[in-house]
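This is start-v3.pdb (PDB, C-alpha atoms).
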ATOM      1  CA  MET A   1     -22.495  65.621 -20.965
ATOM      2  CA  ASN A   2     -26.272  66.001 -20.407
ATOM      3  CA  ASN A   3     -27.788  67.085 -17.093
ATOM      4  CA  PHE A   4     -28.770  63.552 -16.122
ATOM      5  CA  SER A   5     -25.229  62.232 -16.567
ATOM      6  CA  ASN A   6     -23.692  65.273 -14.915
ATOM      7  CA  ASN A   7     -25.898  64.940 -11.850
ATOM      8  CA  PHE A   8     -25.211  61.236 -11.633
ATOM      9  CA  GLN A   9     -21.458  61.743 -11.433
ATOM     10  CA  LYS A  10     -21.732  63.899  -8.314
ATOM     11  CA  GLY A  11     -21.733  62.635  -4.769
ATOM     12  CA  PHE A  12     -20.276  59.336  -3.648
ATOM     13  CA  SER A  13     -19.159  56.031  -5.109
ATOM     14  CA  ALA A  14     -20.973  52.721  -4.770
ATOM     15  CA  LYS A  15     -20.077  50.647  -1.729
ATOM     16  CA  LYS A  16     -19.584  46.941  -2.478
ATOM     17  CA  SER A  17     -20.421  45.887   1.088
ATOM     18  CA  LEU A  18     -23.922  47.342   0.637
ATOM     19  CA  GLY A  19     -24.429  45.674  -2.732
ATOM     20  CA  GLN A  20     -24.826  49.051  -4.428
ATOM     21  CA  ASN A  21     -25.170  49.412  -8.181
ATOM     22  CA  PHE A  22     -26.692  52.780  -9.044
ATOM     23  CA  LEU A  23     -29.231  52.883 -11.866
ATOM     24  CA  HIS A  24     -28.074  55.102 -14.724
ATOM     25  CA  ALA A  25     -30.991  55.032 -17.179
ATOM     26  CA  PRO A  26     -33.770  57.657 -17.168
ATOM     27  CA  HIS A  27     -35.998  55.572 -19.449
ATOM     28  CA  ILE A  28     -35.937  52.717 -16.925
ATOM     29  CA  VAL A  29     -36.882  55.144 -14.161
ATOM     30  CA  GLY A  30     -39.857  56.219 -16.268
ATOM     31  CA  LYS A  31     -40.785  52.583 -16.796
ATOM     32  CA  MET A  32     -40.745  51.911 -13.066
ATOM     33  CA  VAL A  33     -42.909  54.926 -12.279
ATOM     34  CA  HIS A  34     -45.405  54.038 -15.000
ATOM     35  CA  GLU A  35     -45.681  50.310 -14.336
ATOM     36  CA  VAL A  36     -46.301  50.636 -10.611
ATOM     37  CA  GLY A  37     -49.019  53.200 -11.318
ATOM     38  CA  VAL A  38     -47.660  56.260  -9.542
ATOM     39  CA  GLU A  39     -50.024  59.245  -9.596
ATOM     40  CA  LYS A  40     -50.041  62.677  -7.981
ATOM     41  CA  SER A  41     -51.991  61.334  -5.002
ATOM     42  CA  SER A  42     -49.764  58.268  -4.527
ATOM     43  CA  ILE A  43     -47.744  57.529  -1.417
ATOM     44  CA  VAL A  44     -44.572  55.677  -2.354
ATOM     45  CA  LEU A  45     -42.097  53.906  -0.119
ATOM     46  CA  GLU A  46     -38.807  54.045  -1.984
ATOM     47  CA  VAL A  47     -36.159  51.626  -0.799
ATOM     48  CA  GLY A  48     -32.489  52.431  -1.307
ATOM     49  CA  PRO A  49     -32.753  55.812  -3.075
ATOM     50  CA  GLY A  50     -28.959  56.114  -3.342
ATOM     51  CA  LYS A  51     -28.264  59.195  -5.459
ATOM     52  CA  GLY A  52     -31.948  59.907  -5.972
ATOM     53  CA  VAL A  53     -32.401  59.004  -9.637
ATOM     54  CA  LEU A  54     -35.674  57.162  -9.020
ATOM     55  CA  THR A  55     -36.590  59.605  -6.252
ATOM     56  CA  ARG A  56     -36.593  62.428  -8.783
ATOM     57  CA  GLY A  57     -38.855  60.495 -11.115
ATOM     58  CA  LEU A  58     -41.360  59.802  -8.341
ATOM     59  CA  LEU A  59     -41.350  63.402  -7.122
ATOM     60  CA  ASP A  60     -41.799  64.781 -10.635
ATOM     61  CA  VAL A  61     -45.098  62.904 -10.927
ATOM     62  CA  GLY A  62     -46.209  64.565  -7.702
ATOM     63  CA  ALA A  63     -46.157  61.539  -5.420
ATOM     64  CA  LYS A  64     -45.403  61.800  -1.723
ATOM     65  CA  VAL A  65     -42.206  59.798  -1.187
ATOM     66  CA  ILE A  66     -40.854  58.147   1.941
ATOM     67  CA  ALA A  67     -37.293  57.092   1.145
ATOM     68  CA  VAL A  68     -35.536  54.587   3.407
ATOM     69  CA  GLU A  69     -31.757  54.553   3.027
ATOM     70  CA  LYS A  70     -29.149  52.581   4.972
ATOM     71  CA  ASP A  71     -26.035  54.324   3.626
ATOM     72  CA  ASP A  72     -25.220  57.304   5.843
ATOM     73  CA  ARG A  73     -23.316  58.957   2.966
ATOM     74  CA  ALA A  74     -26.524  59.179   0.956
ATOM     75  CA  ILE A  75     -28.513  60.896   3.696
ATOM     76  CA  GLY A  76     -26.663  64.204   3.504
ATOM     77  CA  PHE A  77     -26.498  63.969  -0.280
ATOM     78  CA  LEU A  78     -30.271  63.522  -0.577
ATOM     79  CA  ALA A  79     -30.960  66.199   2.036
ATOM     80  CA  GLU A  80     -29.042  68.743  -0.036
ATOM     81  CA  LYS A  81     -30.284  67.591  -3.444
ATOM     82  CA  PHE A  82     -33.959  67.558  -2.479
ATOM     83  CA  ALA A  83     -34.031  70.260   0.204
ATOM     84  CA  PRO A  84     -37.092  72.055  -1.247
ATOM     85  CA  LYS A  85     -39.098  68.795  -1.490
ATOM     86  CA  ILE A  86     -38.157  67.850   2.061
ATOM     87  CA  ALA A  87     -39.169  71.322   3.265
ATOM     88  CA  THR A  88     -42.647  70.988   1.755
ATOM     89  CA  GLY A  89     -43.117  67.473   3.146
ATOM     90  CA  GLN A  90     -43.325  65.828  -0.275
ATOM     91  CA  LEU A  91     -40.173  63.849   0.525
ATOM     92  CA  THR A  92     -39.189  62.232   3.813
ATOM     93  CA  VAL A  93     -35.774  60.585   4.070
ATOM     94  CA  ILE A  94     -35.323  57.948   6.783
ATOM     95  CA  HIS A  95     -31.876  56.703   7.733
ATOM     96  CA  GLN A  96     -32.496  53.026   8.485
ATOM     97  CA  ASP A  97     -31.974  49.479   7.254
ATOM     98  CA  VAL A  98     -35.206  48.683   5.413
ATOM     99  CA  LEU A  99     -35.249  45.191   6.935
ATOM    100  CA  GLU A 100     -35.656  46.863  10.339
ATOM    101  CA  PHE A 101     -38.149  49.458   9.109
ATOM    102  CA  GLU A 102     -41.810  49.147  10.084
ATOM    103  CA  PRO A 103     -44.236  50.722   7.567
ATOM    104  CA  SER A 104     -46.677  51.783  10.275
ATOM    105  CA  SER A 105     -43.929  53.810  11.981
ATOM    106  CA  ALA A 106     -43.989  56.194   9.007
ATOM    107  CA  GLY A 107     -47.778  56.427   8.991
ATOM    108  CA  LEU A 108     -48.231  53.983   6.136
ATOM    109  CA  ILE A 109     -51.541  52.122   5.989
ATOM    110  CA  SER A 110     -52.163  48.628   4.656
ATOM    111  CA  GLY A 111     -52.944  48.677   0.941
ATOM    112  CA  ASN A 112     -52.623  52.455   0.746
ATOM    113  CA  TYR A 113     -49.066  52.817  -0.524
ATOM    114  CA  LEU A 114     -46.737  51.582  -3.262
ATOM    115  CA  ILE A 115     -43.160  50.322  -3.120
ATOM    116  CA  ALA A 116     -40.513  51.208  -5.676
ATOM    117  CA  ALA A 117     -37.105  49.693  -5.037
ATOM    118  CA  ASN A 118     -33.720  48.948  -6.515
ATOM    119  CA  ILE A 119     -32.589  46.627  -3.750
ATOM    120  CA  PRO A 120     -29.279  44.824  -3.218
ATOM    121  CA  TYR A 121     -29.583  41.321  -4.621
ATOM    122  CA  TYR A 122     -28.552  39.660  -1.372
ATOM    123  CA  ILE A 123     -31.604  40.902   0.584
ATOM    124  CA  THR A 124     -34.235  39.917  -2.017
ATOM    125  CA  GLY A 125     -35.679  36.964  -0.074
ATOM    126  CA  GLU A 126     -35.821  38.770   3.268
ATOM    127  CA  PHE A 127     -37.251  41.876   1.642
ATOM    128  CA  LEU A 128     -40.065  39.972  -0.054
ATOM    129  CA  ARG A 129     -40.970  38.084   3.116
ATOM    130  CA  LYS A 130     -41.013  41.266   5.153
ATOM    131  CA  PHE A 131     -43.297  43.281   2.894
ATOM    132  CA  LEU A 132     -45.588  40.448   1.776
ATOM    133  CA  GLU A 133     -46.093  38.877   5.199
ATOM    134  CA  THR A 134     -46.430  42.155   7.119
ATOM    135  CA  ASP A 135     -49.778  43.291   8.525
ATOM    136  CA  CYS A 136     -49.180  46.564   6.685
ATOM    137  CA  PRO A 137     -48.438  45.505   3.091
ATOM    138  CA  PRO A 138     -48.307  47.801   0.050
ATOM    139  CA  LYS A 139     -50.933  47.735  -2.686
ATOM    140  CA  ARG A 140     -48.277  46.745  -5.222
ATOM    141  CA  MET A 141     -44.542  46.997  -5.723
ATOM    142  CA  ILE A 142     -42.061  47.435  -8.544
ATOM    143  CA  LEU A 143     -38.654  45.898  -7.902
ATOM    144  CA  MET A 144     -35.320  45.873  -9.667
ATOM    145  CA  LEU A 145     -33.937  42.376  -9.120
ATOM    146  CA  GLN A 146     -31.332  40.059 -10.534
ATOM    147  CA  LYS A 147     -32.740  38.733 -13.811
ATOM    148  CA  GLU A 148     -32.578  35.064 -12.826
ATOM    149  CA  VAL A 149     -34.365  35.742  -9.535
ATOM    150  CA  ALA A 150     -37.102  37.681 -11.330
ATOM    151  CA  LYS A 151     -37.615  34.740 -13.705
ATOM    152  CA  ARG A 152     -37.948  32.335 -10.775
ATOM    153  CA  ILE A 153     -40.545  34.550  -9.122
ATOM    154  CA  VAL A 154     -42.904  34.498 -12.091
ATOM    155  CA  GLY A 155     -42.194  30.801 -12.750
ATOM    156  CA  GLU A 156     -39.601  29.812 -15.311
ATOM    157  CA  GLU A 157     -40.883  28.580 -18.656
ATOM    158  CA  SER A 158     -39.788  25.266 -20.100
ATOM    159  CA  GLY A 159     -40.643  23.517 -23.362
ATOM    160  CA  GLY A 160     -42.096  25.517 -26.202
ATOM    161  CA  ASN A 161     -39.684  24.031 -28.753
ATOM    162  CA  GLY A 162     -42.418  22.958 -31.143
ATOM    163  CA  LYS A 163     -42.629  19.443 -29.723
ATOM    164  CA  LYS A 164     -43.765  20.317 -26.209
ATOM    165  CA  PRO A 165     -45.987  23.233 -25.153
ATOM    166  CA  LYS A 166     -44.539  25.787 -22.742
ATOM    167  CA  THR A 167     -45.053  24.948 -19.095
ATOM    168  CA  ILE A 168     -44.300  26.921 -15.949
ATOM    169  CA  LYS A 169     -41.822  25.485 -13.458
ATOM    170  CA  GLU A 170     -42.639  26.740  -9.995
ATOM    171  CA  SER A 171     -40.273  27.121  -7.049
ATOM    172  CA  ILE A 172     -40.632  27.885  -3.346
ATOM    173  CA  LEU A 173     -39.967  31.519  -4.240
ATOM    174  CA  SER A 174     -42.598  31.745  -6.980
ATOM    175  CA  ILE A 175     -45.287  29.988  -4.940
ATOM    176  CA  SER A 176     -44.483  32.171  -1.924
ATOM    177  CA  VAL A 177     -44.888  35.383  -3.918
ATOM    178  CA  LYS A 178     -48.004  34.206  -5.784
ATOM    179  CA  ALA A 179     -49.713  33.402  -2.483
ATOM    180  CA  TYR A 180     -49.735  37.135  -1.750
ATOM    181  CA  GLY A 181     -49.901  38.832  -5.137
ATOM    182  CA  VAL A 182     -49.669  38.624  -8.912
ATOM    183  CA  PRO A 183     -46.069  38.840 -10.194
ATOM    184  CA  LYS A 184     -45.323  40.081 -13.695
ATOM    185  CA  TYR A 185     -41.957  40.207 -15.457
ATOM    186  CA  ILE A 186     -41.797  43.681 -16.992
ATOM    187  CA  VAL A 187     -38.477  44.065 -18.783
ATOM    188  CA  THR A 188     -34.858  42.958 -18.721
ATOM    189  CA  VAL A 189     -32.450  45.726 -17.695
ATOM    190  CA  PRO A 190     -28.938  45.172 -19.095
ATOM    191  CA  ALA A 191     -25.976  45.476 -16.742
ATOM    192  CA  ARG A 192     -24.671  48.490 -18.682
ATOM    193  CA  HIS A 193     -27.427  50.641 -17.184
ATOM    194  CA  PHE A 194     -25.784  50.534 -13.741
ATOM    195  CA  ARG A 195     -22.703  52.076 -12.174
ATOM    196  CA  PRO A 196     -20.581  50.182 -11.366
ATOM    197  CA  VAL A 197     -21.558  47.657 -14.025
ATOM    198  CA  PRO A 198     -22.589  44.384 -12.331
ATOM    199  CA  LYS A 199     -21.685  40.950 -13.678
ATOM    200  CA  VAL A 200     -25.313  39.995 -14.419
ATOM    201  CA  ASP A 201     -28.373  41.610 -15.962
ATOM    202  CA  SER A 202     -31.292  42.804 -13.879
ATOM    203  CA  ALA A 203     -35.027  42.873 -14.489
ATOM    204  CA  LEU A 204     -38.054  44.840 -13.405
ATOM    205  CA  ILE A 205     -40.791  42.833 -11.756
ATOM    206  CA  LEU A 206     -44.214  44.087 -10.690
ATOM    207  CA  ILE A 207     -46.109  42.398  -7.859
ATOM    208  CA  ASP A 208     -49.726  43.548  -8.047
ATOM    209  CA  THR A 209     -52.908  43.187  -5.946
ATOM    210  CA  ILE A 210     -51.021  42.291  -2.789
ATOM    211  CA  SER A 211     -53.198  40.859  -0.002
ATOM    212  CA  LYS A 212     -53.698  37.838   2.255
ATOM    213  CA  THR A 213     -57.035  36.766   0.786
ATOM    214  CA  PHE A 214     -55.441  33.503  -0.404
ATOM    215  CA  PHE A 215     -55.322  32.386   3.233
ATOM    216  CA  SER A 216     -58.935  33.323   3.969
ATOM    217  CA  ALA A 217     -61.342  30.592   5.036
ATOM    218  CA  THR A 218     -62.969  28.606   2.239
ATOM    219  CA  ALA A 219     -66.222  26.680   2.529
ATOM    220  CA  ASP A 220     -67.737  23.700   0.734
ATOM    221  CA  ALA A 221     -71.000  21.849   1.222
ATOM    222  CA  THR A 222     -69.904  20.251   4.496
ATOM    223  CA  HIS A 223     -67.409  22.466   6.297
ATOM    224  CA  THR A 224     -65.275  25.598   6.343
ATOM    225  CA  THR A 225     -61.512  25.286   6.105
ATOM    226  CA  SER A 226     -59.019  27.916   7.200
ATOM    227  CA  LEU A 227     -55.384  27.987   6.152
ATOM    228  CA  SER A 228     -52.607  29.535   8.204
ATOM    229  CA  GLU A 229     -49.589  31.019   6.472
ATOM    230  CA  ALA A 230     -47.299  28.857   8.622
ATOM    231  CA  ASP A 231     -49.078  25.609   7.686
ATOM    232  CA  PHE A 232     -49.128  26.482   4.003
ATOM    233  CA  PHE A 233     -45.437  27.264   3.774
ATOM    234  CA  ASN A 234     -44.539  24.240   5.866
ATOM    235  CA  VAL A 235     -46.223  22.044   3.266
ATOM    236  CA  VAL A 236     -44.623  23.886   0.334
ATOM    237  CA  LYS A 237     -41.114  23.692   1.820
ATOM    238  CA  THR A 238     -41.580  20.002   2.597
ATOM    239  CA  GLY A 239     -42.796  19.377  -0.932
ATOM    240  CA  PHE A 240     -39.707  20.987  -2.439
ATOM    241  CA  ALA A 241     -37.282  19.439   0.080
ATOM    242  CA  HIS A 242     -36.036  16.692  -2.253
ATOM    243  CA  LYS A 243     -36.386  17.842  -5.843
ATOM    244  CA  ARG A 244     -35.673  14.437  -7.357
ATOM    245  CA  LYS A 245     -38.462  12.763  -5.428
ATOM    246  CA  VAL A 246     -42.068  12.858  -6.561
ATOM    247  CA  LEU A 247     -44.210  15.211  -4.487
ATOM    248  CA  ILE A 248     -46.378  12.568  -2.832
ATOM    249  CA  LYS A 249     -43.228  10.888  -1.510
ATOM    250  CA  ASN A 250     -41.905  14.132  -0.048
ATOM    251  CA  LEU A 251     -45.162  14.812   1.771
ATOM    252  CA  GLU A 252     -45.971  11.384   3.211
ATOM    253  CA  ASN A 253     -44.185  12.082   6.510
ATOM    254  CA  LEU A 254     -46.317  15.178   6.950
ATOM    255  CA  ILE A 255     -49.681  13.921   5.672
ATOM    256  CA  PRO A 256     -50.762  10.232   5.696
ATOM    257  CA  ARG A 257     -50.123   8.497   2.369
ATOM    258  CA  ASP A 258     -53.701   7.207   2.051
ATOM    259  CA  VAL A 259     -55.077  10.730   2.505
ATOM    260  CA  LEU A 260     -52.689  12.050  -0.126
ATOM    261  CA  THR A 261     -53.543   9.279  -2.585
ATOM    262  CA  GLN A 262     -57.265   9.987  -2.317
ATOM    263  CA  LYS A 263     -56.798  13.738  -2.738
ATOM    264  CA  TRP A 264     -54.423  13.231  -5.681
ATOM    265  CA  GLN A 265     -57.252  11.514  -7.560
ATOM    266  CA  GLU A 266     -59.766  14.219  -6.649
ATOM    267  CA  ILE A 267     -57.645  17.105  -7.937
ATOM    268  CA  GLY A 268     -56.300  15.252 -10.955
ATOM    269  CA  LEU A 269     -52.639  15.037  -9.992
ATOM    270  CA  SER A 270     -50.408  12.291 -11.287
ATOM    271  CA  GLN A 271     -48.787  10.024  -8.702
ATOM    272  CA  THR A 272     -45.445  11.004 -10.273
ATOM    273  CA  VAL A 273     -45.947  14.777 -10.280
ATOM    274  CA  ARG A 274     -43.085  16.834  -8.878
ATOM    275  CA  ALA A 275     -43.363  19.956  -6.743
ATOM    276  CA  GLU A 276     -42.354  22.305  -9.567
ATOM    277  CA  ASN A 277     -45.411  21.269 -11.628
ATOM    278  CA  VAL A 278     -48.056  21.914  -8.955
ATOM    279  CA  THR A 279     -50.110  25.119  -9.154
ATOM    280  CA  LEU A 280     -50.757  27.562  -6.337
ATOM    281  CA  GLU A 281     -54.379  26.443  -5.925
ATOM    282  CA  GLN A 282     -53.361  22.778  -5.836
ATOM    283  CA  TRP A 283     -50.853  23.592  -3.100
ATOM    284  CA  LYS A 284     -53.674  25.210  -1.152
ATOM    285  CA  ILE A 285     -55.825  22.079  -1.385
ATOM    286  CA  ILE A 286     -52.921  19.911  -0.285
ATOM    287  CA  ALA A 287     -52.071  22.189   2.649
ATOM    288  CA  GLN A 288     -55.665  22.074   3.859
ATOM    289  CA  LEU A 289     -55.237  18.323   4.387
ATOM    290  CA  LEU A 290     -53.331  19.159   7.578
ATOM    291  CA  HIS A 291     -56.682  19.943   9.228
TER     292      HIS A 291
END
Render the structure in this file as structure tokens.
Amino acid sequence: MNNFSNNFQKGFSAKKSLGQNFLHAPHIVGKMVHEVGVEKSSIVLEVGPGKGVLTRGLLDVGAKVIAVEKDDRAIGFLAEKFAPKIATGQLTVIHQDVLEFEPSSAGLISGNYLIAANIPYYITGEFLRKFLETDCPPKRMILMLQKEVAKRIVGEESGGNGKKPKTIKESILSISVKAYGVPKYIVTVPARHFRPVPKVDSALILIDTISKTFFSATADATHTTSLSEADFFNVVKTGFAHKRKVLIKNLENLIPRDVLTQKWQEIGLSQTVRAENVTLEQWKIIAQLLH
């Protein structure tokens, strides 16, 4: 048994109630560290370090790591395993639910840190909202997610069978993420790389250039239009409310039908277009009709 496998076996078992599946693949750890762009000067917020497999990879590059862990069993384990790194201040371990953690409380500054996380599948939506909508967001993040969720975030492809070109089908999730950053599907991670082995495959997804510039005021020849996050997502959620209805029908209780019809012609949308076929920038134009 090699050192990696031997070290992995030590410690504690995964707890189902916490959605734990421990990564057991050093090459995937290397992929995560590389893709998120960790350097010696990087500050990394690691979420759910567990047995410290990814933690070790981040520390070996020389990054300063702040690891937030909910499982009290892992705290003592990590404290013993990484005692020298904790002593020098390169590693800080915080015992807290990440959904209750505030980045600024650990001295993190907006756009000045990275996130690397292998999070439980059931907190994916809340996690993304928290760290994309916060006033102290990371510069970019690398996440291990359920494969199907990762595909929805980047926009699932359809067509491409030789008769129809490939098109991207958007969702509330994909539009929500793209409003704050640029998602990229990195690689599928088979279930066999985790202990215990989950029932589904996972995937690495990178969300880059995270910011709120999408919601900044835009100006044309006659006026300046601002866009609040609340207004934008209200329009998007309304547009996706009834998937079988065409988009203009879903939105007519929110925005007058005559206003929608005129704007549809201006931005080149079909009267029969559905929410899943509307781009991020088109959603922005539609949302601005609320003002």
Next item on the list: Go through A:Asn112, A:Ile123, A:Glu69, A:Gly62 one by one, measure the shortest atom-to-atom distance of each to Glu39 in chain A using all atoms listed in the file, and give the residue with the smallest value.
Entry: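 The shortest atom-to-atom distance to Glu39 in chain A comes from A:Gly62.
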Check: Given the choices A:Ala83, A:Val61, A:Met141, A:Leu108, which gets closest to Thr209 in chain A if the distance is worked out from all atoms listed in the file?
Finding: A:Met141
Using all atoms listed in the file, what does the table of range 159-269 of chain A residues within 10 Å of range 145-154 of chain A look like, with each row giving the shortest atom pair and its distance in Å to one decimal, sorted by chain and ascending number, as a Markdown table?
| residue | atom | partner | partner_atom | distance |
| --- | --- | --- | --- | --- |
| A:Ile168 | CA | A:Val154 | CA | 8.6 |
| A:Lys169 | CA | A:Arg152 | CA | 8.3 |
| A:Glu170 | CA | A:Arg152 | CA | 7.3 |
| A:Ser171 | CA | A:Arg152 | CA | 6.8 |
| A:Ile172 | CA | A:Ile153 | CA | 8.8 |
| A:Leu173 | CA | A:Ile153 | CA | 5.8 |
| A:Ser174 | CA | A:Ile153 | CA | 4.1 |
| A:Ile175 | CA | A:Ile153 | CA | 7.8 |
| A:Ser176 | CA | A:Ile153 | CA | 8.5 |
| A:Val177 | CA | A:Ile153 | CA | 6.8 |
| A:Lys178 | CA | A:Val154 | CA | 8.1 |
| A:Val182 | CA | A:Val154 | CA | 8.5 |
| A:Pro183 | CA | A:Val154 | CA | 5.7 |
| A:Lys184 | CA | A:Val154 | CA | 6.3 |
| A:Tyr185 | CA | A:Val154 | CA | 6.7 |
| A:Ile186 | CA | A:Ala150 | CA | 9.5 |
| A:Val187 | CA | A:Lys147 | CA | 9.3 |
| A:Thr188 | CA | A:Lys147 | CA | 6.8 |
| A:Val189 | CA | A:Lys147 | CA | 8.0 |
| A:Pro190 | CA | A:Lys147 | CA | 9.2 |
| A:Ala191 | CA | A:Gln146 | CA | 9.8 |
| A:Pro198 | CA | A:Gln146 | CA | 9.9 |
| A:Val200 | CA | A:Gln146 | CA | 7.2 |
| A:Asp201 | CA | A:Lys147 | CA | 5.7 |
| A:Ser202 | CA | A:Lys147 | CA | 4.3 |
| A:Ala203 | CA | A:Lys147 | CA | 4.8 |
| A:Leu204 | CA | A:Leu145 | CA | 6.4 |
| A:Ile205 | CA | A:Ala150 | CA | 6.4 |
| A:Leu206 | CA | A:Ala150 | CA | 9.6 |
| A:Ile207 | CA | A:Val154 | CA | 9.5 |
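CA of Thr88 in chain A is found 28.5 Å from CA of Met144 in chain A.
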Check: For the file shown, what are the residues hit by the PyMOL selection byres ((chain A and resi 265-282) around 8), laid out as a count of residues only?
Finding: 23
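Between Glu35 in chain A and the residues A:Ile94, A:Leu143, A:Leu132, A:Ala87, the shortest atom-to-atom distance, using all atoms listed in the file, involves A:Leu143.
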Next item on the list: Go through A:Leu58, A:Ile210, A:Lys237, A:Phe127 one by one, measure the shortest atom-to-atom distance of each to Glu100 in chain A using only C-alpha atoms, and give the residue with the smallest value.
Entry: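 That would be A:Phe127, the residue with the smallest distance to Glu100 in chain A.
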Next item on the list: Tell me which residues the PyMOL selection byres ((chain A and resi 60) around 12) grabs here, as an NGL selection string.
Entry: :A and (29-30 or 33 or 38-40 or 42 or 52-59 or 61-65 or 82 or 85 or 90-91)
Those same residues - C-alpha atoms - I'd like them written as an mmCIF file, in the coordinates of the input.
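File written: selection_20.cif
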data_model
loop_
_atom_site.group_PDB
_atom_site.id
_atom_site.type_symbol
_atom_site.label_atom_id
_atom_site.label_comp_id
_atom_site.auth_asym_id
_atom_site.auth_seq_id
_atom_site.Cartn_x
_atom_site.Cartn_y
_atom_site.Cartn_z
ATOM 1 C CA VAL A 29 -36.882 55.144 -14.161
ATOM 2 C CA GLY A 30 -39.857 56.219 -16.268
ATOM 3 C CA VAL A 33 -42.909 54.926 -12.279
ATOM 4 C CA VAL A 38 -47.660 56.260 -9.542
ATOM 5 C CA GLU A 39 -50.024 59.245 -9.596
ATOM 6 C CA LYS A 40 -50.041 62.677 -7.981
ATOM 7 C CA SER A 42 -49.764 58.268 -4.527
ATOM 8 C CA GLY A 52 -31.948 59.907 -5.972
ATOM 9 C CA VAL A 53 -32.401 59.004 -9.637
ATOM 10 C CA LEU A 54 -35.674 57.162 -9.020
ATOM 11 C CA THR A 55 -36.590 59.605 -6.252
ATOM 12 C CA ARG A 56 -36.593 62.428 -8.783
ATOM 13 C CA GLY A 57 -38.855 60.495 -11.115
ATOM 14 C CA LEU A 58 -41.360 59.802 -8.341
ATOM 15 C CA LEU A 59 -41.350 63.402 -7.122
ATOM 16 C CA VAL A 61 -45.098 62.904 -10.927
ATOM 17 C CA GLY A 62 -46.209 64.565 -7.702
ATOM 18 C CA ALA A 63 -46.157 61.539 -5.420
ATOM 19 C CA LYS A 64 -45.403 61.800 -1.723
ATOM 20 C CA VAL A 65 -42.206 59.798 -1.187
ATOM 21 C CA PHE A 82 -33.959 67.558 -2.479
ATOM 22 C CA LYS A 85 -39.098 68.795 -1.490
ATOM 23 C CA GLN A 90 -43.325 65.828 -0.275
ATOM 24 C CA LEU A 91 -40.173 63.849 0.525
#
